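Below is one structure, written out as structure tokens; the observations come after it.
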Amino acid sequence: MRILIDHDEVICGFVERMVDVYNGYYNETGASVSVSSITNFYFSDVIPKPIVKAIMRHGHFYDGVMPLPGAIDGMKRLMERGHEVIIVTTILSSIPGLYEQKVEWIERYLPTFDMDDFVTTSRKDLVAGNVLFDDAIHNLEPYRDAHPAAVCIAMDRPWNASWIGSRVASWDEFVPFVETIDPWSS
């Protein structure tokens, strides 16, 4: 089965890192921001867009991004079970070096991952698969429309509360869920 998996907030804690950097260096209000307070995918409800871009432009942002609990083991288990696992992520062209940072992150935490299965696109619906595991409704909905037989699964996050479809709260829920999917029906 071909499983497409988003990088940020599915495999790694991108938002946690963003919140940590913001609270530590940019937050002039004195009130701490938390991941649970972010209800908009683009953080604009909590962190001003120019600050998000400034944080992202820091050349070593991903050095402090940690894997989400169970993500590395979950990826390995899926690959060991013979699934074709493809990391599909968006790279903002306005952020120099972002592609290289993500590649380095994957090579550090998933050294056996075949980088030929690393796809960057803002149009995930153009990549065929049986399963899409993502945190962003703006990826899940077009994918479901383009691939009605595919299973779209949201990693539960505050910004995707309105997603109507399958969702899991963790990798410990995702891997067993995948094993229940009939590859011939998707």
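Ordering of the structure tokens sets the chain letters (A, B, ...); residue numbers start at 1 within each chain; ligands are numbered from 1 in the order shown.
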Legend entry - Near-region 161-166 of chain A list (7 Å; only C-alpha atoms; drop same-chain fewer than 5 positions) as a list in words: Ile137, Cys152, Ile153 and Ala154 of chain A
Legend entry - Near-Ser122 (chain A) list (8 Å; only C-alpha atoms; drop same-chain fewer than 3 positions) as a ChimeraX atom specification: /A:89-91
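Checking A:Glu141, A:Asp63, A:Asp45, A:Asp156 one by one against Phe14 (chain A), counting only C-alpha atoms, you find the shortest gap at A:Asp63.
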Legend entry - Minimum-distance residue to Tyr22 (chain A), chosen among A:Asp135, A:Ser36, A:Thr121, A:Ile47 (using only C-alpha atoms): A:Ile47
Inset, instruction - Fewer than 6 positions away in the same chain doesn't count, so skip those; otherwise give me all residues within 10 Å of Phe118 (chain A), counting only C-alpha atoms, as a VMD selection string. - result: chain A and resid 4 to 5 7 85 to 89 102 to 103 106
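Comparing A:Arg157, A:Val175, A:Ile11, A:Ala169 by their smallest distance to Phe41 (chain A), the closest is A:Arg157 (using only C-alpha atoms).
From CA of Ser37 (chain A) back to CA of His58 (chain A), the distance works out to 23.5 Å.
The nearest approach to Arg167 (chain A) among the residues A:Val151, A:Leu68, A:Asp182, A:Val19, with only C-alpha atoms taken into account, belongs to A:Val151.
Counting only C-alpha atoms, Asp125 (chain A) has the following residues at most 10 Å away, ignoring those fewer than 5 positions along the same chain: Leu132, Asn139, Leu140, Glu141, Pro142, Tyr143, Arg144, Asp145, Ala146 and His147 of chain A.
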What does the file look like for those residues with N, CA and C atoms, as a PDB file, in the first residue's frame?
```pdb
ATOM      1  N   LEU A 132      -3.460   9.196   2.791  1.00  0.00           N
ATOM      2  CA  LEU A 132      -2.793  10.466   3.056  1.00  0.00           C
ATOM      3  C   LEU A 132      -2.942  10.739   4.545  1.00  0.00           C
ATOM      4  N   ASN A 139      -4.989  20.337   2.647  1.00  0.00           N
ATOM      5  CA  ASN A 139      -4.400  19.214   1.903  1.00  0.00           C
ATOM      6  C   ASN A 139      -5.354  18.023   1.871  1.00  0.00           C
ATOM      7  N   LEU A 140      -6.004  17.754   2.998  1.00  0.00           N
ATOM      8  CA  LEU A 140      -6.877  16.581   3.108  1.00  0.00           C
ATOM      9  C   LEU A 140      -8.105  16.678   2.199  1.00  0.00           C
ATOM     10  N   GLU A 141      -8.767  17.828   2.182  1.00  0.00           N
ATOM     11  CA  GLU A 141      -9.991  17.959   1.385  1.00  0.00           C
ATOM     12  C   GLU A 141      -9.748  17.820  -0.115  1.00  0.00           C
ATOM     13  N   PRO A 142      -8.752  18.529  -0.700  1.00  0.00           N
ATOM     14  CA  PRO A 142      -8.521  18.337  -2.134  1.00  0.00           C
ATOM     15  C   PRO A 142      -8.071  16.915  -2.464  1.00  0.00           C
ATOM     16  N   TYR A 143      -7.343  16.298  -1.535  1.00  0.00           N
ATOM     17  CA  TYR A 143      -6.898  14.923  -1.775  1.00  0.00           C
ATOM     18  C   TYR A 143      -8.101  13.984  -1.824  1.00  0.00           C
ATOM     19  N   ARG A 144      -8.999  14.148  -0.872  1.00  0.00           N
ATOM     20  CA  ARG A 144     -10.205  13.313  -0.839  1.00  0.00           C
ATOM     21  C   ARG A 144     -11.022  13.507  -2.117  1.00  0.00           C
ATOM     22  N   ASP A 145     -11.104  14.758  -2.595  1.00  0.00           N
ATOM     23  CA  ASP A 145     -11.861  15.032  -3.816  1.00  0.00           C
ATOM     24  C   ASP A 145     -11.195  14.403  -5.041  1.00  0.00           C
ATOM     25  N   ALA A 146      -9.870  14.473  -5.103  1.00  0.00           N
ATOM     26  CA  ALA A 146      -9.130  13.952  -6.264  1.00  0.00           C
ATOM     27  C   ALA A 146      -8.986  12.439  -6.239  1.00  0.00           C
ATOM     28  N   HIS A 147      -8.991  11.858  -5.045  1.00  0.00           N
ATOM     29  CA  HIS A 147      -8.772  10.412  -4.881  1.00  0.00           C
ATOM     30  C   HIS A 147      -9.840   9.840  -3.954  1.00  0.00           C
TER      31      HIS A 147
END
```
Near-Val15 (chain A) list (10 Å; only C-alpha atoms; drop same-chain fewer than 4 positions) as a short mmCIF file (atom, residue, chain, number, x, y, z; two decimals) with N, CA and C atoms, in the first residue's frame:
```cif
data_model
loop_
_atom_site.label_atom_id
_atom_site.label_comp_id
_atom_site.auth_asym_id
_atom_site.auth_seq_id
_atom_site.Cartn_x
_atom_site.Cartn_y
_atom_site.Cartn_z
N ASP A 8 5.77 18.04 8.57
CA ASP A 8 5.55 18.93 9.71
C ASP A 8 4.23 18.63 10.40
N GLU A 9 4.31 18.40 11.69
CA GLU A 9 3.17 18.12 12.57
C GLU A 9 2.53 16.76 12.33
N VAL A 19 6.57 27.61 18.52
CA VAL A 19 6.08 28.19 19.76
C VAL A 19 7.23 28.43 20.74
N ASP A 20 8.14 27.48 20.86
CA ASP A 20 9.29 27.64 21.76
C ASP A 20 10.15 28.84 21.37
N VAL A 21 10.45 28.95 20.08
CA VAL A 21 11.28 30.06 19.61
C VAL A 21 10.54 31.38 19.80
N SER A 34 0.82 28.72 23.42
CA SER A 34 0.91 27.26 23.48
C SER A 34 0.40 26.68 22.17
N VAL A 35 0.76 25.44 21.90
CA VAL A 35 0.29 24.78 20.69
C VAL A 35 -1.23 24.73 20.68
N ILE A 38 -3.24 27.62 19.10
CA ILE A 38 -3.15 27.87 17.66
C ILE A 38 -4.30 27.15 16.97
N PHE A 41 -4.17 27.30 10.86
CA PHE A 41 -3.01 26.59 10.33
C PHE A 41 -1.80 27.49 10.15
N PHE A 43 -0.92 30.10 11.93
CA PHE A 43 -0.53 30.73 13.20
C PHE A 43 -0.99 32.17 13.34
N VAL A 65 13.86 20.96 15.95
CA VAL A 65 12.57 20.30 15.75
C VAL A 65 12.74 18.82 16.09
#
```
Legend entry - Residue list (helix (DSSP H, G or I), DSSP) for region 1-48 of chain A, as a list of chain:residue names: A:Phe14, A:Val15, A:Glu16, A:Arg17, A:Met18, A:Val19, A:Asp20, A:Val21, A:Tyr22, A:Asn23, A:Gly24, A:Tyr25, A:Tyr26, A:Val35, A:Ser36, A:Ser37
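Counting from CA of Phe177 (chain A), the distance to CA of Met79 (chain A) is 15.1 Å.
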Inset, instruction - Quick one: pull the distance between CA of Thr39 (chain A) and CA of Asn160 (chain A), Å, one decimal. - result: 7.6 Å
